[in-house]
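For reference, the structure is listed below as structure tokens.
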Protein chains: 2
Amino acid sequence: MVTVGLCEDDPAIRRVVTQALELTGHSVVTAHNGGEALQRFGTDAVLDAIILDIGLPDADGRDVCQALRSAGQSAPVLFLTALGAVHDRLSGFSAGADDYLPKPFDVKELIARVEALARRGRPPAEPVGGLVLDPARHSLRHGDAEVLLSPTEFRMLAAITSRPGEVVRRHVVVAAAWPDGARVSENTVDSYIRRIRAKLRELDAPVALRTVRGVGFTLR
Amino acid sequence: MVTVGLCEDDPAIRRVVTQALELTGHSVVTAHNGGEALQRFGTDAVLDAIILDIGLPDADGRDVCQALRSAGQSAPVLFLTALGAVHDRLSGFSAGADDYLPKPFDVKELIARVEALARRGRPPAEPVGGLVLDPARHSLRHGDAEVLLSPTEFRMLAAITSRPGEVVRRHVVVAAAWPDGARVSENTVDSYIRRIRAKLRELDAPVALRTVRGVGFTLR
DNA sequence: GCGCGCAGTCAGGTTCCTTGCAGGTAGCGT
DNA sequence: ACGCTACCTGCAAGGAACCTGACTGCGCGC
């Protein structure tokens with residue numbers, strides 16, 4: 001679920017877009033013109049994305065965008081307009097837009113683009129139990145708690161968390177964590193599982209790394 | 001200046017896009033097919049945006065995108081394709097794309113979109129722990145304390161602070177601090193890390209330059 | 001020339017990742 | 001209940017990765 005600001009003067013379009021967003025589980029804050037947009041989408045508003053019509057009755061959407069930016073609103077902006085020429089698209093981007101969609105547009109595509117914008121603005125999705133395996137930080141996080149992982153620990157956990165709830169077989173874990181042809185004793189795997197469990201405890205993670213006897217491991 | 005990964009099998013398009021990006025002051029890493037893209041755009045690569053053709057000879061660009069994502073590459077992805085139907089656009093977005101451009105496209109618009117993606121991908125020049133890396137003075141400041149940095153120290157630290165909290169791999173640090181093809185011993189890197197740590201201590205900086213064994217360094 | 005700072009190297013010490021043993025425990029079939 | 005087997009746990013050796021302090025050479029300004 002994302003919260004979207006929508007500024008559009010055409011009642012038909014406003015209604016269609018609002019309904020489509022709400023049908024797909026999102027929340028919408030609407031504005032009818034530029035002045036209202038500045039007021040309702042100001043720095044206080046918690047928005048994940050903003051849809052701005054360029055052809056507003058009282059102002060140019062590009063000016064509204066720049067005003068919102070200087071007011072401290074950092075949510076990504078998608079411009080909506082009848083002007084389809086490349087030149088107009090470019091001026092939209094240079095005004096600080098993050099995306100651009102010419103009318104007539106497909107509502108499904110608009111929603112997909114808005115979701116993509118919102119997804120980018122927020123931290124990556126959590127796979128399971130609020131647990132985040134962060135490749136960039138080479139760490140495992142839960143809330144604001146974080147533990148660093150050794151290379152092997154990371155690869156093993158990545159293999160297991162990539163299929164939350166499913167049982168990952170031992171040999172699959174080995175294939176993911178060690179180079180091809182490496183001869184690794186079963187016990188080595190056990191040792192790593194043990195240390196990964198210790199780190200999960202350290203995080204107070206609400207998940208358990210369970211073993212399915214004779215098969216492999218699963219996270220739940 | 002942004003660094004862009006470009007994966008496209010058509011030589012004509014590859015050439016046009018590469019030249020256009022370089023003419024506008026950007027840096028390009030190219031790949032001819034999906035396998036090469038996985039190899040060159042992997043988690044190690046420092047990319048601000050990725051342009052992916054969907055119709056590749058050896059793989060579907062959407063699969064390549066998902067593979068890159070699970071490999072830890074977090075740079076925004078723009079899909080390029082001959083398929084213009086709405087259905088195909090949606091499947092692109094659901095594969096984790098951040099933007100979409102159907103062929104034929106205007107090169108200027110492509111560049112504008114890529115710049116918008118890159119701008120959004122790394123928004124705030126995050127000030128970490130009140131630490132300021134000053135290019136003009138070639139110094140590192142914390143409050144009113146200041147230390148001067150040697151050119152190499154500066155480039156190394158710049159590479160690391162550009163991704164606060166994230167682990168910057170050793171060879172990425174080397175690539176950032178030394179010219180292409182320079183053969184630099186691992187120990188040289190260690191020595192510089194040591195000097196940088198000494199300067200951080202000198203400033204009473206509230207951050208630590210930690211090492212993640214077998215991976216790289218991180219600032220926190 | 002002389003002093004100074006930067007770049008790069010080396011040897012030696014330290015940390016901690018990796019691995020596997022030894023022994024205990026728990027699941028499963030009979 | 002019994003035994004077999006898979007798995008868990010504590011521990012310790014080995015070694016790669018890393019840190020440290022000291023050293024050399026180079027270029028540049030005075």
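Every chain in the structure tokens takes a letter, A first, then B, and so on in the order presented; its residues are numbered from 1, and the ligands are numbered from 1 following the presented order.
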* Any idea which chain B residues end up within 6 Å of chain A if we count only C-alpha atoms, as a PyMOL selection string please? -> chain B and resi 72+98+116+166-167
Selection from above, N, CA and C atoms, as a short mmCIF file (atom, residue, chain, number, x, y, z; two decimals), in the first residue's frame, can you write it?
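Output (again-v9.cif):
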```cif
data_model
loop_
_atom_site.label_atom_id
_atom_site.label_comp_id
_atom_site.auth_asym_id
_atom_site.auth_seq_id
_atom_site.Cartn_x
_atom_site.Cartn_y
_atom_site.Cartn_z
N GLY B 72 22.13 -8.58 -5.53
CA GLY B 72 22.43 -7.44 -4.68
C GLY B 72 22.62 -6.14 -5.42
N ASP B 98 12.22 0.01 -12.97
CA ASP B 98 11.90 1.32 -12.45
C ASP B 98 11.42 2.24 -13.56
N ALA B 116 17.06 10.96 -14.61
CA ALA B 116 16.04 11.05 -13.55
C ALA B 116 16.16 9.86 -12.62
N GLU B 166 27.00 1.17 3.84
CA GLU B 166 27.15 0.03 2.95
C GLU B 166 28.60 -0.43 2.93
N VAL B 167 28.77 -1.70 2.62
CA VAL B 167 30.12 -2.23 2.52
C VAL B 167 30.67 -1.96 1.13
#
```
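Overlaying the C-alpha atoms of chain B on those of chain A by least squares yields an RMSD of 16.6 Å.
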* **Separation of atom CA of Thr30 of chain B from atom CA of Thr161 of chain B, in Å and rounded to one decimal** =>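 Atom CA of Thr30 of chain B sits 26.3 Å away from atom CA of Thr161 of chain B.
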Report as a PDB file with C-alpha atoms (C1' of nucleotides), in the first residue's frame the set of chain D residues whose atoms approach chain B to within 10 Å, with distances computed over only C-alpha atoms (C1' of nucleotides).
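Final output, saved to selection25.pdb:
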```pdb
ATOM      1  C1'  DA D  16      44.004 -16.358   5.206  1.00  0.00           C
ATOM      2  C1'  DA D  17      42.987 -11.693   5.804  1.00  0.00           C
ATOM      3  C1'  DC D  18      44.097  -7.872   8.060  1.00  0.00           C
ATOM      4  C1'  DC D  19      46.710  -4.435  11.133  1.00  0.00           C
ATOM      5  C1'  DT D  20      50.829  -2.139  12.562  1.00  0.00           C
TER       6       DT D  20
END
```
* Within 12 Å of DC28 of chain D, counting only C-alpha atoms (C1' of nucleotides), which residues qualify if same-chain residues fewer than 5 places away don't, as an NGL selection string? -> :C and (2-6)
Considering only C-alpha atoms (C1' of nucleotides), give me a table of residues in chain C that are at most 8 Å from chain A, with the closest atom pair and distance in Å for each, as a tab-separated table.
```
residue	atom	partner	partner_atom	distance
C:DC17	C1'	A:Ser150	CA	7.5
C:DT19	C1'	A:Thr188	CA	6.5
C:DG20	C1'	A:Thr188	CA	7.0
C:DG27	C1'	A:Arg213	CA	7.7
```
Write the residues of the preceding selection, restricted to C-alpha atoms (C1' of nucleotides), as a CSV table (one decimal), in the first residue's frame.
```csv
chain,number,residue,atom,x,y,z
C,17,DC,C1',37.0,-17.1,9.3
C,19,DT,C1',37.0,-26.3,9.0
C,20,DG,C1',36.5,-30.6,11.2
C,27,DG,C1',14.0,-38.1,15.6
```
